[in-house]
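Novice: Pasting structure.tsv here (TSV, C-alpha atoms and all ligand atoms):
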chain	number	residue	atom	x	y	z
A	2	MET	CA	0.00	0.00	0.00
A	3	LYS	CA	1.28	3.49	-0.89
A	4	TYR	CA	-0.29	6.56	0.70
A	5	PHE	CA	-0.56	9.96	-0.95
A	6	VAL	CA	-1.61	12.77	1.36
A	7	ALA	CA	-2.64	16.11	-0.16
A	8	ASN	CA	-1.96	18.80	2.45
A	9	TRP	CA	-3.62	21.90	1.02
A	10	LYS	CA	-2.51	23.98	4.02
A	11	ALA	CA	-4.23	27.40	4.30
A	12	ARG	CA	-5.26	27.53	0.66
A	13	LYS	CA	-8.48	27.37	-1.39
A	14	ASN	CA	-12.00	28.65	-0.93
A	15	LEU	CA	-15.00	26.41	-1.54
A	16	GLU	CA	-15.25	27.21	-5.24
A	17	GLU	CA	-11.56	26.46	-5.81
A	18	ALA	CA	-11.90	23.27	-3.80
A	19	TYR	CA	-14.87	22.11	-5.90
A	20	ASP	CA	-12.89	22.85	-9.08
A	21	TRP	CA	-9.95	20.84	-7.75
A	22	PHE	CA	-12.17	17.86	-7.00
A	23	GLU	CA	-13.98	18.03	-10.36
A	24	ALA	CA	-10.66	18.00	-12.23
A	25	PHE	CA	-9.07	15.36	-10.00
A	26	SER	CA	-12.01	12.97	-10.03
A	27	ALA	CA	-12.38	13.23	-13.82
A	28	ARG	CA	-8.76	12.08	-14.19
A	29	VAL	CA	-8.93	9.36	-11.58
A	30	ASN	CA	-12.24	7.99	-12.81
A	31	SER	CA	-10.94	7.67	-16.36
A	32	ASN	CA	-7.99	5.59	-15.14
A	33	HIS	CA	-9.50	2.16	-14.52
A	34	ASN	CA	-6.27	0.63	-13.31
A	35	LEU	CA	-5.92	3.34	-10.66
A	36	ILE	CA	-9.53	2.93	-9.57
A	37	THR	CA	-8.93	-0.80	-9.10
A	38	LEU	CA	-5.79	-0.12	-7.04
A	39	LEU	CA	-7.71	2.37	-4.90
A	40	ARG	CA	-10.62	0.00	-4.39
A	41	ASP	CA	-8.27	-2.89	-3.58
A	42	GLY	CA	-6.44	-0.78	-1.00
A	43	LYS	CA	-3.10	-0.87	-2.87
A	44	ILE	CA	-3.07	2.93	-3.09
A	45	LYS	CA	-4.63	5.31	-0.59
A	46	ILE	CA	-5.34	8.97	-1.26
A	47	ILE	CA	-6.00	11.24	1.72
A	48	VAL	CA	-7.06	14.83	1.02
A	49	CYS	CA	-6.65	17.32	3.89
A	50	PRO	CA	-8.52	20.57	3.14
A	51	PRO	CA	-8.98	23.48	5.58
A	52	TYR	CA	-11.63	22.55	8.19
A	53	PRO	CA	-14.73	24.34	6.77
A	54	LEU	CA	-14.30	22.75	3.34
A	55	ILE	CA	-14.23	19.15	4.56
A	56	PHE	CA	-17.97	18.66	5.03
A	57	PRO	CA	-19.18	20.10	1.70
A	58	LEU	CA	-16.44	18.27	-0.21
A	59	LYS	CA	-17.19	14.99	1.50
A	60	LYS	CA	-20.90	15.36	0.83
A	61	LYS	CA	-20.41	16.13	-2.83
A	62	PHE	CA	-17.57	13.78	-3.77
A	63	GLU	CA	-17.48	10.90	-1.30
A	64	GLU	CA	-19.58	8.64	-3.52
A	65	LYS	CA	-17.74	9.63	-6.68
A	66	LEU	CA	-14.16	8.98	-5.61
A	67	PRO	CA	-12.59	6.21	-3.48
A	68	ILE	CA	-10.49	8.51	-1.29
A	69	SER	CA	-10.29	9.42	2.40
A	70	PHE	CA	-10.43	12.79	4.08
A	71	GLY	CA	-8.07	14.14	6.71
A	72	ALA	CA	-7.82	17.28	8.84
A	73	GLN	CA	-4.67	19.36	9.08
A	74	ASP	CA	-4.85	19.69	12.85
A	75	LEU	CA	-7.14	19.29	15.86
A	76	SER	CA	-7.39	20.73	19.33
A	77	GLN	CA	-5.30	19.42	22.18
A	78	PHE	CA	-8.41	19.92	24.37
A	79	GLU	CA	-11.30	17.53	24.64
A	80	GLY	CA	-13.76	20.41	24.27
A	81	GLY	CA	-15.16	23.29	26.30
A	82	SER	CA	-14.38	26.99	26.55
A	83	TYR	CA	-11.57	27.19	24.00
A	84	THR	CA	-12.73	29.71	21.42
A	85	GLY	CA	-11.64	28.88	17.91
A	86	GLU	CA	-10.42	25.38	18.72
A	87	VAL	CA	-11.67	22.34	16.79
A	88	PRO	CA	-11.95	19.34	19.12
A	89	ALA	CA	-11.72	15.75	17.95
A	90	LYS	CA	-15.44	15.21	18.42
A	91	SER	CA	-16.23	17.90	15.83
A	92	LEU	CA	-14.20	15.86	13.36
A	93	GLU	CA	-15.82	12.54	14.21
A	94	GLY	CA	-17.44	10.99	11.15
A	95	LEU	CA	-15.87	13.63	8.91
A	96	VAL	CA	-12.25	12.50	8.66
A	97	SER	CA	-10.32	9.27	9.09
A	98	TYR	CA	-6.91	10.91	9.50
A	99	VAL	CA	-5.45	14.03	11.07
A	100	ILE	CA	-2.04	15.62	10.59
A	101	VAL	CA	-0.40	16.52	13.92
A	102	GLY	CA	2.81	18.35	14.72
A	103	HIS	CA	3.50	19.77	11.29
A	104	SER	CA	6.68	21.90	11.41
A	105	GLU	CA	4.69	24.97	10.33
A	106	ARG	CA	2.50	24.63	13.43
A	107	ARG	CA	5.51	24.00	15.65
A	108	ARG	CA	7.12	27.12	14.18
A	109	TYR	CA	4.27	29.62	13.78
A	110	LEU	CA	1.87	28.40	16.50
A	111	ASN	CA	4.51	27.33	19.01
A	112	GLU	CA	3.26	23.78	19.28
A	113	THR	CA	5.24	21.69	21.73
A	114	ASN	CA	5.61	17.93	22.05
A	115	GLU	CA	3.36	18.10	25.10
A	116	MET	CA	0.55	19.73	23.11
A	117	ILE	CA	1.12	17.25	20.29
A	118	THR	CA	0.90	14.33	22.71
A	119	HIS	CA	-2.55	15.60	23.81
A	120	LYS	CA	-3.63	15.98	20.19
A	121	ILE	CA	-2.61	12.39	19.45
A	122	GLU	CA	-4.58	11.18	22.48
A	123	GLN	CA	-7.66	13.16	21.44
A	124	ALA	CA	-7.56	11.73	17.91
A	125	GLN	CA	-6.91	8.15	19.01
A	126	LYS	CA	-9.78	8.28	21.50
A	127	ILE	CA	-12.26	8.50	18.65
A	128	ASN	CA	-10.31	6.39	16.16
A	129	ILE	CA	-9.04	9.16	13.93
A	130	GLU	CA	-5.56	8.09	12.79
A	131	PRO	CA	-2.92	10.72	13.59
A	132	ILE	CA	-0.18	11.33	11.04
A	133	LEU	CA	2.66	12.59	13.21
A	134	CYS	CA	5.11	14.93	11.47
A	135	VAL	CA	8.67	15.06	12.79
A	136	ARG	CA	11.81	16.91	11.76
A	137	SER	CA	14.10	14.75	13.91
A	138	HIS	CA	13.97	12.43	16.92
A	139	GLU	CA	13.51	15.50	19.16
A	140	ASP	CA	10.00	15.93	17.77
A	141	LEU	CA	8.88	12.48	18.85
A	142	PRO	CA	6.27	12.92	21.60
A	143	ALA	CA	5.66	10.49	24.42
A	144	LYS	CA	2.91	8.66	22.61
A	145	ASN	CA	2.92	5.84	20.11
A	146	VAL	CA	1.47	6.43	16.68
A	147	ASN	CA	0.92	4.20	13.67
A	148	ILE	CA	2.01	6.78	11.09
A	149	ILE	CA	5.12	8.97	11.20
A	150	SER	CA	5.99	11.45	8.47
A	151	TYR	CA	9.57	12.66	8.27
A	152	GLU	CA	9.54	16.28	7.13
A	153	PRO	CA	12.91	18.03	6.95
A	154	VAL	CA	12.28	21.79	7.15
A	155	GLN	CA	14.84	22.62	4.46
A	156	ALA	CA	12.88	20.47	2.00
A	157	ILE	CA	9.40	21.87	2.69
A	158	GLY	CA	8.15	24.14	-0.06
A	159	THR	CA	11.70	24.80	-1.31
A	160	GLY	CA	11.99	22.43	-4.27
A	161	LYS	CA	15.03	20.93	-2.51
A	162	ASN	CA	13.85	17.44	-1.73
A	163	GLU	CA	15.83	15.23	0.64
A	164	ASP	CA	18.05	12.45	-0.77
A	165	LEU	CA	16.64	8.97	-0.39
A	166	LYS	CA	19.79	7.93	1.50
A	167	ASP	CA	19.31	10.72	4.07
A	168	ILE	CA	15.63	9.86	4.53
A	169	LEU	CA	16.46	6.22	5.21
A	170	GLU	CA	19.22	7.23	7.64
A	171	MET	CA	16.74	9.43	9.51
A	172	LYS	CA	14.23	6.59	9.57
A	173	GLU	CA	16.86	4.43	11.22
A	174	SER	CA	17.80	7.08	13.76
A	175	LEU	CA	14.12	7.58	14.65
A	176	HIS	CA	13.96	3.85	15.54
A	177	VAL	CA	10.71	3.55	13.67
A	178	PRO	CA	9.25	0.11	14.50
A	179	GLN	CA	8.77	-2.21	11.53
A	180	SER	CA	4.99	-2.01	11.96
A	181	THR	CA	4.93	1.82	11.76
A	182	ILE	CA	3.82	3.37	8.49
A	183	PHE	CA	6.57	5.74	7.40
A	184	PHE	CA	5.95	8.79	5.16
A	185	TYR	CA	8.25	11.39	3.72
A	186	GLY	CA	7.23	15.00	3.03
A	187	GLY	CA	9.23	17.79	1.41
A	188	SER	CA	9.10	18.93	-2.22
A	189	VAL	CA	7.59	15.69	-3.46
A	190	ASN	CA	6.52	16.08	-7.08
A	191	LYS	CA	6.12	13.81	-10.10
A	192	THR	CA	9.89	13.78	-10.67
A	193	THR	CA	11.22	13.55	-7.14
A	194	VAL	CA	8.76	10.81	-6.19
A	195	LEU	CA	10.28	8.38	-8.73
A	196	ASN	CA	13.38	7.68	-6.65
A	197	TYR	CA	11.35	7.23	-3.48
A	198	LEU	CA	9.02	4.72	-5.09
A	199	LYS	CA	11.97	2.34	-5.57
A	200	THR	CA	11.99	1.42	-1.90
A	201	ASP	CA	9.43	-0.26	0.33
A	202	GLU	CA	10.93	1.63	3.28
A	203	ILE	CA	8.81	4.69	2.41
A	204	ASN	CA	5.11	3.87	2.63
A	205	GLY	CA	3.71	7.22	1.58
A	206	PHE	CA	4.11	10.91	0.98
A	207	LEU	CA	2.84	14.14	2.46
A	208	ILE	CA	2.49	16.51	-0.43
A	209	GLY	CA	2.04	20.27	-0.04
A	210	THR	CA	2.88	22.45	-3.04
A	211	ALA	CA	2.28	19.77	-5.68
A	212	SER	CA	-1.13	18.97	-4.22
A	213	ASN	CA	-2.47	22.43	-4.97
A	214	ASP	CA	-2.92	21.60	-8.59
A	215	PRO	CA	-5.18	18.59	-9.25
A	216	LEU	CA	-3.20	17.49	-12.30
A	217	ASP	CA	0.15	17.69	-10.51
A	218	PHE	CA	-1.26	15.62	-7.68
A	219	TYR	CA	-2.87	13.16	-10.08
A	220	ASN	CA	0.44	12.76	-11.92
A	221	ILE	CA	2.23	11.84	-8.70
A	222	VAL	CA	-0.40	9.29	-7.75
A	223	SER	CA	-0.67	7.79	-11.22
A	224	ILE	CA	3.12	7.34	-11.57
A	225	SER	CA	3.00	4.95	-8.65
A	226	GLN	CA	0.83	2.50	-10.61
A	227	SER	CA	3.66	1.42	-12.86
A	301	LIG	P1	5.82	20.69	0.14
A	301	LIG	O1	5.21	20.58	1.60
A	301	LIG	O2	5.36	19.50	-0.63
A	301	LIG	O3	5.31	21.98	-0.38
A	301	LIG	O4	7.31	20.69	0.31
A	301	LIG	C1	5.33	19.37	2.29
A	301	LIG	C2	4.83	19.48	3.68
A	301	LIG	O5	4.58	20.57	4.20
A	301	LIG	O6	4.67	18.45	4.31
When written as structure tokens, how does the structure in this file appear?
Ligand code: PGA
Specialist:
Amino acid sequence: MKYFVANWKARKNLEEAYDWFEAFSARVNSNHNLITLLRDGKIKIIVCPPYPLIFPLKKKFEEKLPISFGAQDLSQFEGGSYTGEVPAKSLEGLVSYVIVGHSERRRYLNETNEMITHKIEQAQKINIEPILCVRSHEDLPAKNVNIISYEPVQAIGTGKNEDLKDILEMKESLHVPQSTIFFYGGSVNKTTVLNYLKTDEINGFLIGTASNDPLDFYNIVSISQS
């Protein structure tokens, strides 16, 4: 199974999101081999839009496309008087995955490992699968997760993707258990992904910039069929 996560970040309004899905689903649905791989669970696509877009997109496209939805974050709090926060229970039934600890949140929102540990607990309590992003072993919180995404800051949004050798070295130094699903994120596009697809050590990709355009994202996913 290879995972492809589209992290739209703080981009797109509803109209742009609908356009993205129309274009993406037209491509995917005309590729019968890809549809079979998606239905057989050999490839998994997870789209992570900004919170308010998740519900309308799910409603409109869920039946038309065999993909999953994810959120880009969730609250560390269970719920209550925390204005602006989105607790796990508000995401229940909407998403199957949630990104936690992305380096942009650690950097701009001062997220700490302690906060991230709470977020993981909140997600796991209601069976939303956290995708934990780490830059190094120092970002590993005191909580086990099934999915870890290695995201070197120098590779995010820069076009300077990390060498496969360096990714595998980091995986080793993180002591990722064999059963953990391991992703890489950082300037993954239809060219850079080719090298990474050669190894079974990388189970999936977190894709930012190249997921903004439906055709770019489709190209990355469809390359993995061959
Ligand atoms: P990028 O972002 O694909 O634009 O480098 C990746 C990420 O933020 O995980």
Novice: Can you write out as JSON lines which residues of chain A fall within 6 Å of ligand LIG 301 (chain A), alongside each residue's closest atom pair and its distance in Å to one decimal, counting all atoms listed in the file and ordering rows by chain and ascending residue number?
Specialist:
{"residue": "A:Ala156", "atom": "CA", "partner": "A:LIG301", "partner_atom": "O4", "distance": 5.8}
{"residue": "A:Ile157", "atom": "CA", "partner": "A:LIG301", "partner_atom": "O4", "distance": 3.4}
{"residue": "A:Gly158", "atom": "CA", "partner": "A:LIG301", "partner_atom": "O4", "distance": 3.6}
{"residue": "A:Gly186", "atom": "CA", "partner": "A:LIG301", "partner_atom": "O6", "distance": 4.5}
{"residue": "A:Gly187", "atom": "CA", "partner": "A:LIG301", "partner_atom": "O4", "distance": 3.6}
{"residue": "A:Ser188", "atom": "CA", "partner": "A:LIG301", "partner_atom": "O4", "distance": 3.6}
{"residue": "A:Val189", "atom": "CA", "partner": "A:LIG301", "partner_atom": "O2", "distance": 5.2}
{"residue": "A:Leu207", "atom": "CA", "partner": "A:LIG301", "partner_atom": "O6", "distance": 5.0}
{"residue": "A:Ile208", "atom": "CA", "partner": "A:LIG301", "partner_atom": "O2", "distance": 4.1}
{"residue": "A:Gly209", "atom": "CA", "partner": "A:LIG301", "partner_atom": "O2", "distance": 3.5}
{"residue": "A:Thr210", "atom": "CA", "partner": "A:LIG301", "partner_atom": "O3", "distance": 3.6}
{"residue": "A:Ala211", "atom": "CA", "partner": "A:LIG301", "partner_atom": "O2", "distance": 5.9}
Novice: For region 21-25 of chain A, find every residue with an atom within 9 Å (counting only C-alpha atoms), except residues of its own chain fewer than 3 positions away, and show them as a PyMOL selection string.
Specialist: chain A and resi 16-18+28-30+58+62+213-216+218-219
Novice: Write the residues you've just listed into a file as a JSON list (two decimals), in the coordinates of the input, and include C-alpha atoms for each of them.
Specialist:
[["chain", "number", "residue", "atom", "x", "y", "z"],
["A", 16, "GLU", "CA", -15.25, 27.21, -5.24],
["A", 17, "GLU", "CA", -11.56, 26.46, -5.81],
["A", 18, "ALA", "CA", -11.90, 23.27, -3.80],
["A", 28, "ARG", "CA", -8.76, 12.08, -14.19],
["A", 29, "VAL", "CA", -8.93, 9.36, -11.58],
["A", 30, "ASN", "CA", -12.24, 7.99, -12.81],
["A", 58, "LEU", "CA", -16.44, 18.27, -0.21],
["A", 62, "PHE", "CA", -17.57, 13.78, -3.77],
["A", 213, "ASN", "CA", -2.47, 22.43, -4.97],
["A", 214, "ASP", "CA", -2.92, 21.60, -8.59],
["A", 215, "PRO", "CA", -5.18, 18.59, -9.25],
["A", 216, "LEU", "CA", -3.20, 17.49, -12.30],
["A", 218, "PHE", "CA", -1.26, 15.62, -7.68],
["A", 219, "TYR", "CA", -2.87, 13.16, -10.08]]
Novice: Give me the residues within 8 Å of Lys191 (chain A) as JSON, numbers by chain, counting only C-alpha atoms and dropping any in the same chain fewer than 3 places off.
Specialist: {"A": [194, 195, 217, 218, 220, 221, 224]}
Novice: Output C-alpha atoms for every residue in that selection, as an mmCIF file, keeping the file's coordinate frame.
Specialist:
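Result file again_16.cif:
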data_model
loop_
_atom_site.group_PDB
_atom_site.id
_atom_site.type_symbol
_atom_site.label_atom_id
_atom_site.label_comp_id
_atom_site.auth_asym_id
_atom_site.auth_seq_id
_atom_site.Cartn_x
_atom_site.Cartn_y
_atom_site.Cartn_z
ATOM 1 C CA VAL A 194 8.760 10.810 -6.190
ATOM 2 C CA LEU A 195 10.280 8.380 -8.730
ATOM 3 C CA ASP A 217 0.150 17.690 -10.510
ATOM 4 C CA PHE A 218 -1.260 15.620 -7.680
ATOM 5 C CA ASN A 220 0.440 12.760 -11.920
ATOM 6 C CA ILE A 221 2.230 11.840 -8.700
ATOM 7 C CA ILE A 224 3.120 7.340 -11.570
#
Novice: Taking only C-alpha atoms into account, name the residue in A:Asn128, A:Ser76, A:Ser180, A:Ser137 that is nearest to Ser91 (chain A).
Specialist: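 Between A:Asn128, A:Ser76, A:Ser180, A:Ser137, the residue approaching Ser91 (chain A) most closely is A:Ser76.
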Novice: Give the answer as one residue: which of A:Trp9, A:Phe70, A:Tyr151, A:Tyr4 has the shortest atom-to-atom distance to Asn204 (chain A), using all atoms listed in the file?
Specialist: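 The shortest atom-to-atom distance to Asn204 (chain A) comes from A:Tyr4.
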Novice: Enter the distance from CA of Glu163 (chain A) to CA of Tyr185 (chain A), in Å, rounded to one decimal.
Specialist: 9.0 Å
Novice: If we count all atoms listed in the file and set the cut-off at 9 Å, which residues sit around Ser174 (chain A), ignoring sequence neighbours fewer than 4 positions away in its own chain? Please answer as a PDB file with C-alpha atoms, in the coordinates of the input.
Specialist:
ATOM      1  CA  SER A 137      14.100  14.750  13.910  1.00  0.00           C
ATOM      2  CA  HIS A 138      13.970  12.430  16.920  1.00  0.00           C
ATOM      3  CA  LEU A 169      16.460   6.220   5.210  1.00  0.00           C
ATOM      4  CA  GLU A 170      19.220   7.230   7.640  1.00  0.00           C
TER       5      GLU A 170
END
Novice: Rounded to one decimal place, report the CA of Ser69 (chain A)-CA of Cys49 (chain A) distance in Å.
Specialist: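 So the two atoms, CA of Ser69 (chain A) and CA of Cys49 (chain A), lie 8.8 Å apart.
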Novice: A:Leu66, A:Lys45, A:Lys126, A:Ile182: which is nearest Gln226 (chain A), counting all atoms listed in the file?
Specialist: A:Lys45
Novice: From the list A:Leu141, A:Ile46, A:Ile149, A:Cys134, which residue is nearest Ser26 (chain A) when using all atoms listed in the file?
Specialist: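 Counting all atoms listed in the file, the residue closest to Ser26 (chain A) is A:Ile46.
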Novice: Mind pulling up the distance from CA of Leu133 (chain A) to CA of Ser150 (chain A)?
Specialist: 5.9 Å
Novice: From the list A:Ile148, A:Lys3, A:Ser212, A:Glu173, which residue is nearest Lys199 (chain A) when using all atoms listed in the file?
Specialist: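 Using all atoms listed in the file, the shortest distance to Lys199 (chain A) belongs to A:Lys3.
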Novice: For Pro131 (chain A), please output as a PyMOL selection string all residues within 8 Å (counting only C-alpha atoms; exclusion window: fewer than 4 positions along the same chain).
Specialist: chain A and resi 98-101+121+124-125+146-148
Novice: Using all atoms listed in the file, can you tell me which of A:Thr159, A:Asn8, A:Thr37, A:Asn114 comes closest to Pro50 (chain A)?
Specialist: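 Smallest separation from Pro50 (chain A) among the options: A:Asn8.
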Novice: Identify, on the basis of only C-alpha atoms, every residue whose closest approach to Pro67 (chain A) does not exceed 7 Å; exclude the query and any residue fewer than 2 positions from it along the same chain; express the result as an mmCIF file with C-alpha atoms, in the coordinates of the input.
Specialist:
data_model
loop_
_atom_site.group_PDB
_atom_site.id
_atom_site.type_symbol
_atom_site.label_atom_id
_atom_site.label_comp_id
_atom_site.auth_asym_id
_atom_site.auth_seq_id
_atom_site.Cartn_x
_atom_site.Cartn_y
_atom_site.Cartn_z
ATOM 1 C CA LEU A 39 -7.710 2.370 -4.900
ATOM 2 C CA ARG A 40 -10.620 0.000 -4.390
ATOM 3 C CA LYS A 65 -17.740 9.630 -6.680
#
